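Engineer: Please see the structure below; I have some questions.
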Amino acid sequence: MNRKLLLTVLVLSLARSSAAHAQAVDAGARSAARELAIKGKLLVGEGKHAEALDAFDRADEIMHLPSLGLEAARCLVKLDRWVEASERFRLVARMDYEQAGLNQSQRDVQDLAGRDAEREGGELAPRIPSLTIVLTGGASRVALYFDDKQLSAALAGVEFPVDPGEHVVRAERGDWKDGGKVAVKPGEKARLEITVPAPPAPAPIVVAPPAAPPAPVSAPPARRLDAVADDYEPTPHVEVEREAPSSALRTVGWVTTGLGVAGLGVGIAMGLVARAQNEELAKGCPNNQCTPDYWARANAYNNNKLASTIGFAAGGACLVTGLILVLASPSGEPAADSKVAFAVGPRSAQVRIRF
């Protein structure tokens with residue numbers, strides 16, 4: 001089937017949606033999708049594949065038909081985005097679409113698009129190049145970057161698919177960084193080795209020498225007892241009484257309980273956010289397979305889910321610990337006559353505790 005006939009049937013398929021699908025997509029949206037599909041085909045003919053990809057993606061978000069996804073994947077191939085194109089071909093080949101509003105000829109076109117996606121994806125797969133980044137030396141705690149995007153540390157020494165062309169690889173640890181450019185051709189298995197220096201040795205622990213003993217202090221000259229008695233002027237004692245402080249154990253218990261309630265609140269809030277993100281990902285990640293457009297949302301969902309779990313665990317632990325401390329602390333107040341007294345004299349200081 002030539003491209004002109006495919007375009008004709010594609011437009012007819014967009015024009016005749018099912019009644020069930022019409023409840024979700026109104027006539028204006030279907031008309032916009034039809035115009036976007038026509039615009040995309042014209043842009044492909046002009047060699048403007050980036051603009052055509054945008055048009056097909058927008059139309060696919062409205063109608064979600066295999067023929068639209070197939071054209072978008074072909075644009076990705078023309079733009080040398082082969083890894084993304086391979087994933088798009090795979091999704092189109094397994095796509096479920098609404099058939100109730102299409103006649104047999106239109107369904108045949110959509111089924112053919114699915115088969116073409118599977119065939120073209122299979123032809124593209126062996127042509128996709130790969131790259132292996134090998135770190136030698138002190139490779140621990142090294143951050144890897146591929147085209148200014150951080151890679152997982154698990155990919156060090158592992159072959160992974162890349163698009164054809166020139167790429168920039170960088171490795172960093174503290175103030176040290178190294179890397180370079182690597183050009184890969186279709187079907188090539190490239191390898192880049194980076195030598196990482198050993199981590200710096202820890203600073204030695206310096207033990208200060210013991211301090212010199214203090215110089216002996218000469219004793220004051222002896223005085224006669226009668227002279228001391230003559231010079232003595234009695235000074236009245238000054239006593240300051242303070243009530244004994246309340247139990248600190250109960251205070252710590254209430255503070256820990258408050259932290260536990262706050263942790264549970266964080267866990268609940270993050271859980272609600274993660275739940276909303278999961279419902280959004282369910283639409284863009286069929287069969288738990290997300291397109292690159294949804295990778296950032298999937299990472300955000302995983303982070304929020306982890307934060308919710310930590311909030312529940314830490315909050316529950318703090319809440320239980322706080323309640324135990326509160327129950328274990330003395331429940332009564334200190335006795336009314338329990339006092340601590342400080343007595344200061346001219347040559348003496350005393351502390352007295354009265355119960």
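Letters A, B, ... go to the chains of the structure tokens in the order shown; residues in each chain start at 1; ligands are counted from 1 in the same order.
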Excluding Ala85 (chain A) and its own-chain neighbours fewer than 3 positions away, which residues fall within 10 Å of it when counting only C-alpha atoms? Please give them as JSON, numbers by chain.
Structural biologist: {"A": [70, 72, 73, 74, 75, 76, 77, 78, 79, 80, 81, 82, 88, 89, 90, 91, 120, 121, 124, 125, 163]}
Engineer: Go through region 26-133 of chain A residue by residue and, counting only C-alpha atoms, keep those with an atom at most 8 Å from region 142-160 of chain A; for each kept residue give the shortest atom pair and its distance in Å to one decimal, ordered by chain and increasing number, as JSON lines.
Structural biologist:
```
{"residue": "A:Ser130", "atom": "CA", "partner": "A:Phe160", "partner_atom": "CA", "distance": 5.4}
{"residue": "A:Leu131", "atom": "CA", "partner": "A:Glu159", "partner_atom": "CA", "distance": 5.5}
{"residue": "A:Thr132", "atom": "CA", "partner": "A:Glu159", "partner_atom": "CA", "distance": 4.5}
{"residue": "A:Ile133", "atom": "CA", "partner": "A:Gly157", "partner_atom": "CA", "distance": 5.3}
```
Engineer: Near Pro126 (chain A), counting only C-alpha atoms, which residues have an atom at most 12 Å away, once you skip same-chain residues fewer than 6 positions from it, shown as a short mmCIF file (atom, residue, chain, number, x, y, z; two decimals) with C-alpha atoms, in the first residue's frame?
Structural biologist:
```
data_model
loop_
_atom_site.label_atom_id
_atom_site.label_comp_id
_atom_site.auth_asym_id
_atom_site.auth_seq_id
_atom_site.Cartn_x
_atom_site.Cartn_y
_atom_site.Cartn_z
CA TRP A 82 17.27 5.04 17.22
CA VAL A 83 17.00 3.89 20.84
CA SER A 86 13.04 1.11 18.75
CA GLU A 120 10.69 -2.18 11.05
CA PRO A 161 22.40 0.85 23.47
CA PRO A 186 25.46 1.87 13.16
CA GLY A 187 25.85 -1.68 14.43
CA GLU A 188 29.16 -0.89 16.19
CA LYS A 189 29.98 -2.09 19.72
#
```
Engineer: If you measure from CA of Pro129 (chain A) to CA of Gly165 (chain A), what distance in Å do you get, rounded to one decimal?
Structural biologist: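 So the answer is 9.4 Å.
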Engineer: Identify, on the basis of only C-alpha atoms, every residue whose closest approach to region 308-316 of chain A does not exceed 8 Å; exclude the query and any residue fewer than 2 positions from it along the same chain; express the result as a VMD selection string.
Structural biologist: chain A and resid 259 to 271 304 to 306 318 to 320
Engineer: Identify which of the residues A:Lys48, A:Arg30, A:Lys181, A:His64 lies closest to Tyr97 (chain A), counting only C-alpha atoms when measuring atom-to-atom distances.
Structural biologist: A:His64
Engineer: Rounded to one decimal, what separation in Å do you get between CA of Gly69 (chain A) and CA of Val92 (chain A)?
Structural biologist: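 A separation of 6.0 Å between them.
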Engineer: Which residue out of A:Leu192, A:Lys185, A:Pro292, A:Pro216 has the minimum interatomic distance to Val168 (chain A) when only C-alpha atoms are used?
Structural biologist: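 Among the listed residues, A:Leu192 lies closest to Val168 (chain A).
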Engineer: What does the distance between CA of Cys290 (chain A) and CA of Glu166 (chain A) come to in Å, to one decimal place?
Structural biologist: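 CA of Glu166 (chain A) lies at a distance of 25.9 Å from CA of Cys290 (chain A).
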Engineer: If you count only C-alpha atoms, which residues fall within 7 Å of Gly322 (chain A), apart from same-chain ones fewer than 4 positions away, as a PDB file with C-alpha atoms, in the first residue's frame?
Structural biologist:
```pdb
ATOM      1  CA  GLY A 253       8.599  11.544  75.545  1.00  0.00           C
ATOM      2  CA  TRP A 254       6.178  14.260  74.413  1.00  0.00           C
ATOM      3  CA  THR A 256       9.362  12.271  70.444  1.00  0.00           C
ATOM      4  CA  THR A 257       5.607  11.676  70.177  1.00  0.00           C
ATOM      5  CA  CYS A 318       8.991   7.856  67.020  1.00  0.00           C
ATOM      6  CA  VAL A 326       5.705   9.265  78.598  1.00  0.00           C
TER       7      VAL A 326
END
```
Engineer: Which of these, A:Val169, A:Ala55, A:Ala139, A:Val255, has the shortest distance to Thr321 (chain A) once you count only C-alpha atoms?
Structural biologist: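 Of all the options, A:Val255 lies closest to Thr321 (chain A).
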Engineer: How would you write, as number ranges by chain, the set of residues in region 48-189 of chain A that DSSP gives as strand (DSSP E)?
Structural biologist: A: 130-137, 143-146, 149-151, 159-161, 165-173, 176-184, 189
Engineer: Compare A:Leu42, A:Leu323, A:Asp116, A:Arg297 by their minimum atom-to-atom distance to Arg250 (chain A), counting only C-alpha atoms, and give me the closest one.
Structural biologist: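 Closest residue, counting only C-alpha atoms: A:Leu323.
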Engineer: Ranking A:Leu53, A:Ile128, A:Ala208, A:Leu68 by minimum distance to Arg34 (chain A) and counting only C-alpha atoms, which one comes first?
Structural biologist: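 Checking each candidate against Arg34 (chain A), we get A:Leu68 as the closest.
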